[in-house]
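File shown here: protein_31.cif, holding mmCIF, C-alpha atoms.
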```cif
data_upload
#
loop_
_atom_site.label_atom_id
_atom_site.label_comp_id
_atom_site.auth_asym_id
_atom_site.auth_seq_id
_atom_site.Cartn_x
_atom_site.Cartn_y
_atom_site.Cartn_z
CA MET Y 7 116.16 -3.89 -2.19
CA ILE Y 8 118.34 -6.52 -3.74
CA SER Y 9 119.38 -5.97 -7.29
CA GLU Y 10 121.18 -8.24 -9.64
CA THR Y 11 122.98 -8.01 -12.92
CA TYR Y 12 122.96 -11.05 -15.13
CA SER Y 13 122.74 -12.00 -18.78
CA LEU Y 14 120.14 -14.02 -20.65
CA LEU Y 15 120.54 -15.81 -23.97
CA VAL Y 16 117.42 -15.05 -25.99
CA ASN Y 17 117.02 -16.07 -29.63
CA GLY Y 18 120.77 -16.64 -29.89
CA LYS Y 19 121.62 -13.18 -28.60
CA SER Y 20 123.04 -12.28 -25.20
CA TYR Y 21 121.15 -9.58 -23.26
CA GLN Y 22 122.31 -7.84 -20.10
CA VAL Y 23 119.76 -7.41 -17.34
CA VAL Y 24 120.94 -4.61 -15.07
CA ASP Y 25 119.52 -3.97 -11.58
CA GLY Y 26 117.07 -6.83 -11.81
CA HIS Y 27 115.04 -7.78 -8.75
CA PRO Y 28 115.04 -11.48 -7.75
CA SER Y 29 111.23 -11.66 -7.95
CA GLU Y 30 111.01 -10.79 -11.66
CA SER Y 31 109.56 -13.41 -13.98
CA LEU Y 32 111.16 -14.19 -17.31
CA LEU Y 33 108.04 -12.85 -19.03
CA TRP Y 34 108.33 -9.52 -17.25
CA VAL Y 35 112.03 -9.21 -18.04
CA LEU Y 36 111.48 -10.11 -21.70
CA ARG Y 37 108.73 -7.54 -22.13
CA GLU Y 38 109.77 -4.70 -19.85
CA ARG Y 39 113.56 -4.86 -19.79
CA LEU Y 40 114.54 -6.47 -23.08
CA GLU Y 41 111.72 -4.93 -25.15
CA LEU Y 42 110.74 -8.31 -26.53
CA SER Y 43 107.01 -7.77 -26.18
CA GLY Y 44 105.89 -10.59 -28.49
CA SER Y 45 105.27 -12.92 -25.55
CA LYS Y 46 101.97 -11.81 -24.06
CA ASN Y 47 101.03 -11.29 -20.43
CA ALA Y 48 97.55 -12.31 -19.36
CA CYS Y 49 96.99 -14.61 -16.39
CA GLU Y 50 100.46 -14.71 -14.79
CA GLU Y 51 99.65 -18.10 -13.31
CA GLY Y 52 100.37 -20.56 -16.10
CA GLU Y 53 96.73 -21.01 -17.15
CA CYS Y 54 96.59 -19.27 -20.52
CA GLY Y 55 99.82 -20.06 -22.37
CA SER Y 56 100.04 -16.65 -24.06
CA CYS Y 57 103.57 -16.23 -22.64
CA THR Y 58 104.83 -19.59 -23.98
CA VAL Y 59 108.54 -19.66 -24.83
CA LEU Y 60 111.12 -22.38 -25.28
CA VAL Y 61 113.67 -22.88 -22.52
CA ASP Y 62 116.36 -25.34 -23.60
CA GLY Y 63 114.01 -26.60 -26.30
CA GLU Y 64 110.96 -27.25 -24.11
CA ILE Y 65 107.81 -25.15 -24.03
CA VAL Y 66 107.16 -23.45 -20.70
CA CYS Y 67 105.15 -20.51 -19.44
CA SER Y 68 107.66 -17.67 -19.16
CA CYS Y 69 105.52 -16.09 -16.43
CA LEU Y 70 106.39 -19.09 -14.22
CA VAL Y 71 110.14 -18.95 -14.89
CA LEU Y 72 112.19 -16.90 -12.48
CA ALA Y 73 114.20 -14.69 -14.85
CA ALA Y 74 117.47 -14.80 -12.91
CA SER Y 75 117.26 -18.60 -12.76
CA ALA Y 76 117.30 -18.79 -16.57
CA VAL Y 77 120.93 -17.64 -16.82
CA GLY Y 78 122.81 -19.89 -19.24
CA ARG Y 79 119.64 -21.44 -20.67
CA GLU Y 80 118.72 -21.12 -24.34
CA ILE Y 81 115.54 -19.08 -24.53
CA THR Y 82 113.51 -18.84 -27.73
CA THR Y 83 110.60 -16.42 -27.99
CA ILE Y 84 108.15 -15.68 -30.77
CA GLU Y 85 110.68 -13.09 -32.02
CA GLY Y 86 113.04 -16.03 -32.67
CA LEU Y 87 110.70 -17.69 -35.15
CA GLY Y 88 111.23 -16.83 -38.81
CA SER Y 89 113.72 -14.13 -39.75
CA GLU Y 90 113.85 -10.34 -40.00
CA ASP Y 91 112.57 -10.47 -43.58
CA GLU Y 92 110.34 -13.48 -43.57
CA ILE Y 93 107.75 -14.96 -41.24
CA SER Y 94 108.07 -18.65 -40.35
CA ASP Y 95 106.10 -21.41 -42.08
CA VAL Y 96 103.78 -21.81 -39.08
CA GLN Y 97 103.14 -18.07 -39.00
CA LYS Y 98 102.35 -18.16 -42.73
CA ALA Y 99 99.99 -21.10 -42.23
CA PHE Y 100 98.16 -19.10 -39.52
CA VAL Y 101 97.69 -16.26 -42.01
CA ASP Y 102 96.55 -18.63 -44.76
CA ALA Y 103 94.07 -20.45 -42.52
CA GLY Y 104 92.72 -17.25 -40.94
CA ALA Y 105 93.74 -18.62 -37.54
CA VAL Y 106 94.34 -15.17 -36.07
CA GLN Y 107 91.50 -13.08 -34.75
CA CYS Y 108 92.36 -10.77 -31.87
CA GLY Y 109 95.89 -12.20 -32.00
CA PHE Y 110 96.62 -12.18 -28.28
CA CYS Y 111 97.07 -15.95 -27.96
CA THR Y 112 98.87 -16.24 -31.30
CA PRO Y 113 102.52 -15.83 -30.19
CA GLY Y 114 102.18 -18.56 -27.56
CA LEU Y 115 100.38 -20.87 -29.96
CA LEU Y 116 103.01 -20.33 -32.65
CA VAL Y 117 105.83 -21.25 -30.28
CA ALA Y 118 103.96 -24.35 -29.09
CA ILE Y 119 103.03 -25.48 -32.60
CA ASP Y 120 106.48 -24.86 -34.08
CA GLN Y 121 107.92 -27.00 -31.29
CA LEU Y 122 105.29 -29.70 -31.90
CA LEU Y 123 106.07 -29.90 -35.62
CA ASN Y 124 109.80 -30.02 -34.92
CA THR Y 125 109.31 -33.16 -32.82
CA ASP Y 126 106.27 -34.66 -34.60
CA PRO Y 127 106.10 -33.53 -38.25
CA ASP Y 128 102.78 -35.26 -38.96
CA PRO Y 129 100.60 -35.02 -35.83
CA ASP Y 130 96.97 -36.16 -35.84
CA ASP Y 131 94.31 -33.76 -34.53
CA LEU Y 132 94.25 -35.33 -31.07
CA THR Y 133 98.01 -34.84 -30.73
CA VAL Y 134 97.66 -31.23 -31.82
CA ARG Y 135 94.81 -30.61 -29.38
CA GLU Y 136 96.92 -32.08 -26.61
CA ALA Y 137 99.99 -30.05 -27.61
CA ILE Y 138 98.04 -26.78 -27.47
CA SER Y 139 95.91 -27.70 -24.44
CA GLY Y 140 97.86 -25.14 -22.43
CA ASN Y 141 97.13 -22.30 -24.87
CA LEU Y 142 93.76 -20.61 -24.50
CA CYS Y 143 92.12 -18.89 -27.47
CA ARG Y 144 88.78 -17.21 -26.83
CA CYS Y 145 88.11 -16.05 -30.43
CA THR Y 146 88.64 -18.78 -32.97
CA GLY Y 147 87.09 -21.87 -31.41
CA TYR Y 148 90.38 -23.53 -32.46
CA GLY Y 149 89.01 -24.81 -35.80
CA ARG Y 150 91.21 -22.59 -37.91
CA ILE Y 151 94.17 -23.10 -35.61
CA LEU Y 152 93.93 -26.86 -36.22
CA GLU Y 153 93.61 -26.12 -39.93
CA ALA Y 154 96.77 -23.98 -39.77
CA VAL Y 155 98.68 -26.86 -38.20
CA ARG Y 156 97.51 -29.18 -40.98
CA ILE Y 157 98.68 -26.66 -43.60
CA ALA Y 158 102.06 -26.14 -41.93
CA SER Y 159 102.57 -29.88 -41.51
CA LYS Y 160 101.70 -30.54 -45.16
CA ASN Y 161 103.96 -27.72 -46.39
CA ARG Y 162 106.87 -29.04 -44.35
CA LYS Y 163 106.33 -32.49 -45.83
CA VAL Y 164 106.30 -31.14 -49.39
CA GLN Y 165 109.39 -29.07 -48.69
CA ASN Y 166 111.23 -32.05 -47.21
CA GLN Y 167 110.36 -34.15 -50.27
CA GLU Y 168 111.59 -31.43 -52.59
CA GLU Y 169 114.82 -31.10 -50.64
CA GLN Y 170 115.35 -34.85 -50.75
CA GLY Y 171 114.62 -34.85 -54.51
CA LYS Y 172 117.35 -32.30 -55.18
CA MET T 49 122.03 -12.73 -2.22
CA GLY T 50 119.71 -13.07 -5.19
CA VAL T 51 119.35 -16.33 -7.07
CA ILE T 52 121.82 -19.13 -6.38
CA ILE T 53 121.85 -21.90 -8.98
CA ALA T 54 123.14 -25.03 -7.24
CA LYS T 55 125.00 -27.65 -9.28
CA SER T 56 124.92 -30.51 -6.79
CA VAL T 57 122.84 -31.71 -3.84
CA ASN T 58 125.77 -31.10 -1.48
CA GLU T 59 126.16 -27.56 -2.74
CA ALA T 60 122.43 -26.94 -2.36
CA CYS T 61 122.49 -28.22 1.24
CA ALA T 62 125.52 -26.08 2.04
CA VAL T 63 123.82 -22.99 0.63
CA LEU T 64 120.67 -23.73 2.61
CA ALA T 65 122.67 -24.29 5.82
CA GLU T 66 124.13 -20.83 5.42
CA ASN T 67 120.84 -19.23 4.32
CA PRO T 68 118.06 -21.10 6.12
CA ALA T 69 115.55 -18.45 5.05
CA ALA T 70 116.27 -18.90 1.33
CA THR T 71 113.31 -19.76 -0.86
CA VAL T 72 113.79 -23.13 -2.56
CA LEU T 73 112.85 -23.15 -6.24
CA ALA T 74 112.21 -26.35 -8.20
CA GLY T 75 109.94 -26.05 -11.27
CA GLY T 76 108.46 -22.74 -10.17
CA THR T 77 104.89 -23.57 -11.22
CA ASP T 78 103.52 -23.04 -7.71
CA LEU T 79 106.04 -20.56 -6.32
CA MET T 80 105.92 -18.12 -9.25
CA VAL T 81 102.13 -17.83 -9.05
CA GLN T 82 102.55 -16.42 -5.55
CA VAL T 83 105.47 -14.25 -6.61
CA ASN T 84 103.51 -12.80 -9.55
CA ARG T 85 100.54 -12.06 -7.29
CA GLY T 86 102.86 -10.17 -4.99
CA THR T 87 102.12 -12.42 -2.03
CA HIS T 88 105.65 -13.79 -1.91
CA SER T 89 108.60 -11.49 -2.53
CA LEU T 90 111.93 -13.16 -3.12
CA GLU T 91 115.23 -12.18 -1.61
CA THR T 92 117.48 -15.23 -1.59
CA VAL T 93 116.50 -18.07 -3.89
CA LEU T 94 118.08 -21.51 -4.08
CA ASP T 95 117.41 -22.95 -7.54
CA LEU T 96 117.48 -26.78 -7.60
CA SER T 97 116.52 -27.15 -11.24
CA ARG T 98 120.04 -27.66 -12.54
CA ILE T 99 121.24 -30.41 -10.25
CA PRO T 100 121.86 -33.49 -12.43
CA GLU T 101 121.47 -35.92 -9.46
CA LEU T 102 117.92 -34.72 -8.89
CA LYS T 103 116.95 -35.54 -12.50
CA LYS T 104 118.07 -39.18 -12.34
CA TRP T 105 116.27 -42.37 -11.44
CA THR T 106 117.63 -45.76 -10.46
CA MET T 107 116.26 -49.20 -9.67
CA GLU T 108 117.11 -50.87 -6.36
CA ASP T 109 115.58 -54.05 -4.90
CA ASN T 110 112.31 -53.86 -6.78
CA GLN T 111 111.97 -50.15 -6.03
CA ILE T 112 112.46 -47.15 -8.25
CA ILE T 113 114.28 -44.21 -6.74
CA LEU T 114 113.16 -41.03 -8.46
CA GLY T 115 115.19 -37.84 -8.19
CA ALA T 116 113.03 -35.07 -6.77
CA GLY T 117 113.69 -32.93 -9.86
CA ILE T 118 112.06 -35.38 -12.26
CA SER T 119 109.35 -33.54 -14.19
CA TYR T 120 105.78 -34.64 -14.83
CA THR T 121 106.74 -35.00 -18.51
CA ASP T 122 109.59 -37.36 -17.50
CA LEU T 123 107.13 -39.50 -15.51
CA THR T 124 105.00 -40.05 -18.60
CA HIS T 125 107.89 -41.41 -20.69
CA PRO T 126 107.39 -45.15 -21.38
CA GLN T 127 110.64 -46.21 -19.67
CA LEU T 128 109.34 -44.84 -16.36
CA SER T 129 105.59 -45.18 -16.82
CA ALA T 130 105.95 -48.94 -17.28
CA PHE T 131 106.91 -49.28 -13.58
CA PHE T 132 103.94 -47.35 -12.23
CA PRO T 133 101.24 -46.62 -14.79
CA ALA T 134 99.03 -44.85 -12.23
CA LEU T 135 101.78 -42.37 -11.39
CA ALA T 136 102.23 -41.66 -15.11
CA GLN T 137 98.46 -41.22 -15.49
CA ALA T 138 98.48 -38.75 -12.60
CA ALA T 139 101.45 -36.85 -14.03
CA ARG T 140 99.70 -36.76 -17.39
CA THR T 141 96.69 -34.96 -15.86
CA VAL T 142 98.77 -32.12 -14.42
CA GLY T 143 98.20 -28.73 -16.05
CA SER T 144 99.35 -28.49 -19.65
CA PRO T 145 102.49 -29.49 -21.58
CA GLN T 146 104.08 -26.21 -20.42
CA ILE T 147 103.39 -26.99 -16.76
CA ARG T 148 104.40 -30.66 -17.06
CA ASN T 149 107.76 -29.67 -18.57
CA ALA T 150 108.54 -27.35 -15.67
CA GLY T 151 106.82 -28.89 -12.63
CA THR T 152 108.58 -31.60 -10.63
CA LEU T 153 107.63 -34.56 -8.45
CA GLY T 154 109.55 -33.09 -5.51
CA GLY T 155 107.73 -29.79 -5.98
CA ASN T 156 104.34 -31.50 -5.99
CA LEU T 157 105.18 -33.11 -2.65
CA ALA T 158 106.74 -30.02 -1.07
CA THR T 159 103.66 -27.96 -1.97
CA ALA T 160 101.62 -30.70 -0.24
CA SER T 161 98.30 -29.55 -1.61
CA PRO T 162 95.27 -31.72 -0.75
CA ALA T 163 94.77 -31.77 -4.55
CA GLY T 164 98.39 -32.64 -5.46
CA ASP T 165 97.92 -35.11 -8.31
CA THR T 166 100.80 -37.50 -7.67
CA ILE T 167 100.14 -37.77 -3.94
CA PRO T 168 97.19 -40.24 -3.87
CA VAL T 169 99.22 -42.61 -6.06
CA LEU T 170 102.35 -42.33 -3.93
CA VAL T 171 100.28 -42.77 -0.77
CA ALA T 172 98.60 -45.87 -2.22
CA MET T 173 102.02 -47.30 -3.09
CA ASP T 174 103.58 -46.55 0.31
CA ALA T 175 106.31 -44.46 -1.27
CA SER T 176 108.97 -42.91 0.94
CA MET T 177 111.19 -39.89 0.61
CA GLN T 178 114.83 -39.13 1.27
CA LEU T 179 115.35 -35.72 2.85
CA LYS T 180 118.80 -34.24 3.02
CA SER T 181 120.50 -31.38 4.84
CA SER T 182 124.17 -30.54 5.24
CA THR T 183 124.29 -32.60 8.43
CA GLU T 184 121.68 -35.35 8.06
CA THR T 185 119.95 -37.67 5.63
CA ARG T 186 116.64 -39.16 6.73
CA GLU T 187 113.86 -41.21 5.23
CA VAL T 188 110.19 -40.51 5.86
CA SER T 189 107.01 -41.99 4.44
CA ILE T 190 104.77 -39.79 2.29
CA THR T 191 102.17 -39.74 5.06
CA GLU T 192 104.78 -38.58 7.58
CA PHE T 193 105.99 -35.96 5.14
CA ILE T 194 102.65 -34.31 4.44
CA THR T 195 101.53 -32.95 7.80
CA GLY T 196 98.50 -30.88 6.80
CA VAL T 197 97.02 -28.61 4.14
CA LYS T 198 100.06 -27.32 2.24
CA ALA T 199 102.29 -28.25 5.18
CA ASN T 200 105.26 -30.60 5.10
CA ALA T 201 107.81 -32.06 7.48
CA LEU T 202 110.88 -30.39 5.94
CA LYS T 203 113.16 -28.98 8.62
CA PRO T 204 115.09 -25.77 8.03
CA GLY T 205 118.04 -26.55 5.79
CA GLU T 206 116.47 -29.68 4.31
CA ILE T 207 115.62 -30.49 0.70
CA ILE T 208 113.85 -33.47 -0.85
CA GLU T 209 116.49 -35.57 -2.54
CA SER T 210 114.49 -38.49 -3.90
CA ILE T 211 111.28 -40.48 -3.75
CA LYS T 212 111.39 -44.25 -3.39
CA VAL T 213 108.51 -46.04 -5.08
CA PRO T 214 107.97 -49.81 -4.75
CA ILE T 215 107.08 -51.70 -7.92
CA PHE T 216 103.80 -53.64 -7.74
CA LYS T 217 102.63 -56.41 -10.01
CA GLY T 218 99.16 -55.97 -11.48
CA PRO T 219 96.93 -53.31 -13.06
CA GLN T 220 96.77 -49.73 -11.77
CA GLU T 221 94.42 -46.84 -12.36
CA PHE T 222 94.41 -43.13 -11.56
CA LEU T 223 91.24 -41.11 -12.04
CA LYS T 224 90.51 -37.45 -11.49
CA VAL T 225 87.45 -35.26 -11.75
CA GLY T 226 87.73 -31.70 -13.01
CA THR T 227 85.93 -29.28 -15.26
CA ARG T 228 87.93 -30.19 -18.35
CA ASN T 229 90.94 -32.25 -19.39
CA ALA T 230 93.75 -29.68 -19.28
CA MET T 231 94.64 -27.12 -16.62
CA VAL T 232 92.49 -28.67 -13.95
CA ILE T 233 93.00 -28.76 -10.21
CA SER T 234 91.33 -31.97 -9.15
CA VAL T 235 87.94 -31.87 -7.45
CA VAL T 236 88.39 -35.52 -6.52
CA SER T 237 91.20 -37.93 -7.40
CA LEU T 238 91.68 -41.62 -6.75
CA ALA T 239 94.43 -44.16 -7.33
CA LEU T 240 93.88 -47.92 -7.31
CA VAL T 241 96.99 -50.10 -7.32
CA THR T 242 96.90 -53.90 -7.48
CA ASP T 243 99.48 -55.74 -5.44
CA TYR T 244 99.13 -59.21 -6.92
CA LEU T 245 101.91 -60.82 -4.88
CA GLU T 246 100.41 -59.67 -1.55
CA ARG T 247 96.84 -60.13 -2.80
CA LYS T 248 96.01 -56.57 -1.89
CA LEU T 249 94.27 -53.66 -3.59
CA ARG T 250 95.66 -50.32 -2.49
CA ILE T 251 93.54 -47.17 -2.71
CA GLY T 252 94.69 -43.57 -2.34
CA VAL T 253 92.28 -40.63 -2.52
CA GLY T 254 92.92 -36.92 -2.96
CA SER T 255 90.99 -33.63 -2.66
CA VAL T 256 88.49 -35.13 -0.23
CA SER T 257 90.35 -34.46 3.02
CA PRO T 258 93.09 -32.13 4.33
CA VAL T 259 95.70 -34.71 3.34
CA PRO T 260 95.49 -37.47 0.68
CA PHE T 261 95.13 -40.84 2.44
CA ARG T 262 94.60 -44.57 2.00
CA ALA T 263 91.05 -45.89 2.30
CA THR T 264 92.12 -48.85 4.42
CA GLU T 265 88.68 -50.20 5.32
CA ALA T 266 87.70 -50.32 1.67
CA GLU T 267 91.08 -51.92 0.86
CA GLU T 268 90.55 -54.73 3.34
CA PHE T 269 87.02 -55.37 2.16
CA ILE T 270 87.85 -55.55 -1.54
CA SER T 271 91.16 -57.40 -1.17
CA ASP T 272 89.21 -60.18 0.54
CA LYS T 273 86.40 -60.27 -2.04
CA PHE T 274 88.65 -59.91 -5.09
CA ASP T 275 89.02 -62.99 -7.25
CA TRP T 276 92.80 -63.25 -7.41
CA GLU T 277 92.76 -66.05 -9.98
CA THR T 278 90.75 -64.38 -12.70
CA ASN T 279 90.13 -60.90 -11.23
CA ARG T 280 86.70 -61.04 -12.85
CA ASN T 281 83.24 -61.81 -11.49
CA LEU T 282 82.89 -59.02 -8.94
CA SER T 283 79.21 -58.72 -8.10
CA GLU T 284 77.50 -55.36 -8.31
CA LYS T 285 76.76 -55.59 -4.61
CA VAL T 286 80.46 -55.93 -3.80
CA ILE T 287 81.42 -53.08 -6.12
CA ASN T 288 78.80 -50.82 -4.56
CA LYS T 289 79.82 -51.73 -1.03
CA PHE T 290 83.44 -51.01 -1.94
CA SER T 291 82.67 -47.57 -3.34
CA GLU T 292 80.49 -46.79 -0.30
CA LEU T 293 83.39 -47.64 2.01
CA VAL T 294 85.74 -45.40 0.04
CA ALA T 295 83.24 -42.53 0.17
CA ASN T 296 82.59 -43.04 3.89
CA SER T 297 86.29 -42.65 4.64
CA THR T 298 86.44 -39.14 3.13
CA GLU T 299 85.96 -35.77 4.83
CA PRO T 300 85.41 -33.36 1.96
CA ILE T 301 84.63 -29.66 2.24
CA ASP T 302 82.55 -27.22 0.20
CA ASP T 303 84.68 -24.86 -1.88
CA HIS T 304 84.61 -23.03 -5.20
CA ARG T 305 85.52 -26.22 -7.06
CA GLY T 306 82.75 -28.40 -5.67
CA THR T 307 80.54 -29.16 -2.71
CA ALA T 308 81.24 -31.80 -0.11
CA ASN T 309 78.16 -33.70 -1.29
CA TYR T 310 79.34 -33.68 -4.88
CA ARG T 311 82.78 -34.89 -3.82
CA LYS T 312 81.26 -37.77 -1.82
CA HIS T 313 79.28 -38.74 -4.88
CA ALA T 314 82.17 -38.33 -7.31
CA VAL T 315 84.62 -40.35 -5.23
CA LYS T 316 82.11 -43.20 -5.23
CA VAL T 317 81.89 -43.07 -9.02
CA LEU T 318 85.68 -43.00 -9.34
CA ALA T 319 86.12 -45.92 -6.94
CA LYS T 320 83.62 -48.00 -8.90
CA ARG T 321 85.13 -47.05 -12.25
CA ALA T 322 88.70 -47.71 -11.12
CA LEU T 323 87.72 -51.11 -9.75
CA GLU T 324 85.96 -52.05 -12.99
CA ARG T 325 88.97 -51.00 -15.04
CA VAL T 326 91.42 -52.86 -12.83
CA SER T 327 89.16 -55.91 -13.03
CA ALA T 328 89.30 -55.73 -16.81
CA GLY T 329 93.11 -55.59 -16.80
CA ASP T 330 95.59 -58.42 -16.98
CA ILE T 331 96.32 -59.34 -13.40
CA LYS T 332 99.25 -61.70 -13.75
#
```
Could you rewrite the structure in this file as structure tokens?
Amino acid sequence: MISETYSLLVNGKSYQVVDGHPSESLLWVLRERLELSGSKNACEEGECGSCTVLVDGEIVCSCLVLAASAVGREITTIEGLGSEDEISDVQKAFVDAGAVQCGFCTPGLLVAIDQLLNTDPDPDDLTVREAISGNLCRCTGYGRILEAVRIASKNRKVQNQEEQGK
Amino acid sequence: MGVIIAKSVNEACAVLAENPAATVLAGGTDLMVQVNRGTHSLETVLDLSRIPELKKWTMEDNQIILGAGISYTDLTHPQLSAFFPALAQAARTVGSPQIRNAGTLGGNLATASPAGDTIPVLVAMDASMQLKSSTETREVSITEFITGVKANALKPGEIIESIKVPIFKGPQEFLKVGTRNAMVISVVSLALVTDYLERKLRIGVGSVSPVPFRATEAEEFISDKFDWETNRNLSEKVINKFSELVANSTEPIDDHRGTANYRKHAVKVLAKRALERVSAGDIK
């Protein structure tokens, strides 16, 4: 049995992983060792997107990232969106649009959509559909998720205008 | 030994020379599926994902040399896709944004799946690969590299350094059949690349044989019939004959993604469609 000790940078904070095994995925380490259980575990083969996180600013399936290979990378999980006291604008838009049903796919979708709006503040529906094509939702039929993205995009625009007006 | 994150190609080759049994990790999108299923337990891992040389591309004598670590997402960026639209189309059909960010061209080749999406395009374009170990650098063609179903010609201690892709003048098309747009392993795939200067149409097909291959008989037939001045006016008879020849060259199997009969039919449809699209493009 080979064990390793290494540290991971998650949501700006450094975590020690002690006695890790080389086969552990980032998703497993996040959930089971670091107690960051927001990223969900379903297919473990990159099909469903419920484990989506950012690694160095790009969305990836954390189940397909070897945890010990992510040393020194900047990892952002759903726990890194918003703050302790306040949910993020995309999270709020999901609530407002009723885009959450069972909620299992929600963390992955939120990470993917937040990243989309950071790079493309005003995406059309096709762009949104493409951006979340790796995130499966079996409850909503996606209609309200698309609506949530429209709300979040609009709110960001209004906020930007207000900030520029100040 | 655990996970070794190499910072250069030379370092990676040195590590592999010392640990020939190490598992080589690129994007992880194939390897980690096996690891998560418990069918592949890792002991020593050589991670290639942080080697800057493998992320670069250069142009040399009308060829693009792509570092093996270039991701599918990178291949779809306009600065690269302009050289080989069909390769960008193929990269664009891989998985989802998450998978395209992680998965690499070198990984697609090393996995050597009959359904590997970039392979029919690279086969059609006669791409070659540079393989490197601590003692040797050698160049092999894609067809020499892929030796069977999920089998490649890498020797112990060797990694894929780069892929050399010639630039062709003229329209290109990549088509793939699957159950939906995202997250699809191809049931049939086909690449059609026009080589205007040599007056040749190049066709690569995937998922219809143990190894993606060029449909040479169909190539010869259509290159001769093609109107190289206007690239229009192909008769229906010629188009049908062409797609028949492509289909006849395949050896598909029945599996959970489709039957051999369906694949024969679908490859015919793709051949016809690709030819019509290329004919509608701007040839010069």
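Comparing Y:Asn17, Y:Gln107, Y:Ser68, Y:Thr146 by their smallest distance to Y:Glu53, the closest is Y:Ser68 (using only C-alpha atoms).
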Surrounding residues of T:Thr185 excluding itself and chain neighbours under 4 positions, 12 Å, only C-alpha atoms, as JSON, numbers by chain: {"T": [57, 58, 61, 177, 178, 179, 180, 181, 202, 203, 205, 206, 207, 208, 209, 210]}
Residue IDs satisfying the PyMOL selection byres ((chain T) within 8 of (chain Y)), as a compact mmCIF listing (two decimals) with C-alpha atoms, in the coordinates of the input:
```txt
# COMPACT_ATOMS: atom_id res chain seq x y z
CA MET T 49 122.03 -12.73 -2.22
CA GLY T 50 119.71 -13.07 -5.19
CA VAL T 51 119.35 -16.33 -7.07
CA ILE T 52 121.82 -19.13 -6.38
CA ILE T 53 121.85 -21.90 -8.98
CA GLY T 75 109.94 -26.05 -11.27
CA GLY T 76 108.46 -22.74 -10.17
CA THR T 77 104.89 -23.57 -11.22
CA MET T 80 105.92 -18.12 -9.25
CA VAL T 81 102.13 -17.83 -9.05
CA VAL T 83 105.47 -14.25 -6.61
CA ASN T 84 103.51 -12.80 -9.55
CA ARG T 85 100.54 -12.06 -7.29
CA SER T 89 108.60 -11.49 -2.53
CA LEU T 90 111.93 -13.16 -3.12
CA GLU T 91 115.23 -12.18 -1.61
CA THR T 92 117.48 -15.23 -1.59
CA VAL T 93 116.50 -18.07 -3.89
CA ASP T 95 117.41 -22.95 -7.54
CA GLY T 143 98.20 -28.73 -16.05
CA SER T 144 99.35 -28.49 -19.65
CA PRO T 145 102.49 -29.49 -21.58
CA GLN T 146 104.08 -26.21 -20.42
CA ILE T 147 103.39 -26.99 -16.76
CA ASN T 149 107.76 -29.67 -18.57
CA ALA T 150 108.54 -27.35 -15.67
CA ALA T 230 93.75 -29.68 -19.28
CA MET T 231 94.64 -27.12 -16.62
```
Please identify all polymer residues within 12 Å of T:Thr195, counting all atoms listed in the file, omitting same-chain residues fewer than 2 positions from it, and present them as a VMD selection string. chain T and resid 157 to 162 188 to 193 197 to 202 258 to 261
Selected residues, C-alpha atoms, written as a PDB file, in the coordinates of the input, please.
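Contents of out.pdb, freshly written:
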```pdb
ATOM      1  CA  LEU T 157     105.180 -33.110  -2.650  1.00  0.00           C
ATOM      2  CA  ALA T 158     106.740 -30.020  -1.070  1.00  0.00           C
ATOM      3  CA  THR T 159     103.660 -27.960  -1.970  1.00  0.00           C
ATOM      4  CA  ALA T 160     101.620 -30.700  -0.240  1.00  0.00           C
ATOM      5  CA  SER T 161      98.300 -29.550  -1.610  1.00  0.00           C
ATOM      6  CA  PRO T 162      95.270 -31.720  -0.750  1.00  0.00           C
ATOM      7  CA  VAL T 188     110.190 -40.510   5.860  1.00  0.00           C
ATOM      8  CA  SER T 189     107.010 -41.990   4.440  1.00  0.00           C
ATOM      9  CA  ILE T 190     104.770 -39.790   2.290  1.00  0.00           C
ATOM     10  CA  THR T 191     102.170 -39.740   5.060  1.00  0.00           C
ATOM     11  CA  GLU T 192     104.780 -38.580   7.580  1.00  0.00           C
ATOM     12  CA  PHE T 193     105.990 -35.960   5.140  1.00  0.00           C
ATOM     13  CA  VAL T 197      97.020 -28.610   4.140  1.00  0.00           C
ATOM     14  CA  LYS T 198     100.060 -27.320   2.240  1.00  0.00           C
ATOM     15  CA  ALA T 199     102.290 -28.250   5.180  1.00  0.00           C
ATOM     16  CA  ASN T 200     105.260 -30.600   5.100  1.00  0.00           C
ATOM     17  CA  ALA T 201     107.810 -32.060   7.480  1.00  0.00           C
ATOM     18  CA  LEU T 202     110.880 -30.390   5.940  1.00  0.00           C
ATOM     19  CA  PRO T 258      93.090 -32.130   4.330  1.00  0.00           C
ATOM     20  CA  VAL T 259      95.700 -34.710   3.340  1.00  0.00           C
ATOM     21  CA  PRO T 260      95.490 -37.470   0.680  1.00  0.00           C
ATOM     22  CA  PHE T 261      95.130 -40.840   2.440  1.00  0.00           C
TER      23      PHE T 261
END
```
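For the pair atom CA of Y:Glu169 and atom CA of Y:Ala103, the interatomic distance is 24.7 Å.
As for atom CA of T:Ser234 and atom CA of T:Ser255, they are spaced 6.7 Å apart.
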T:Ala175 surroundings by all atoms listed in the file, 12 Å radius, close-in-sequence under 3 positions cut, as a ChimeraX atom specification: /T:111-114,132,135,157,166-172,178,187-193,210-216,252
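In this structure, atom CA of Y:Gly44 sits 16.8 Å away from atom CA of Y:Gln121.
Each of T:Val253, T:Leu64, T:Ala328, T:Ala308 was compared to T:Asn281 using only C-alpha atoms, and T:Ala328 turns out to be the nearest.
Distance check against T:Glu66 using all atoms listed in the file: of T:Leu94, T:Ala314, T:Ala322, T:Ala138, the minimum falls on T:Leu94.
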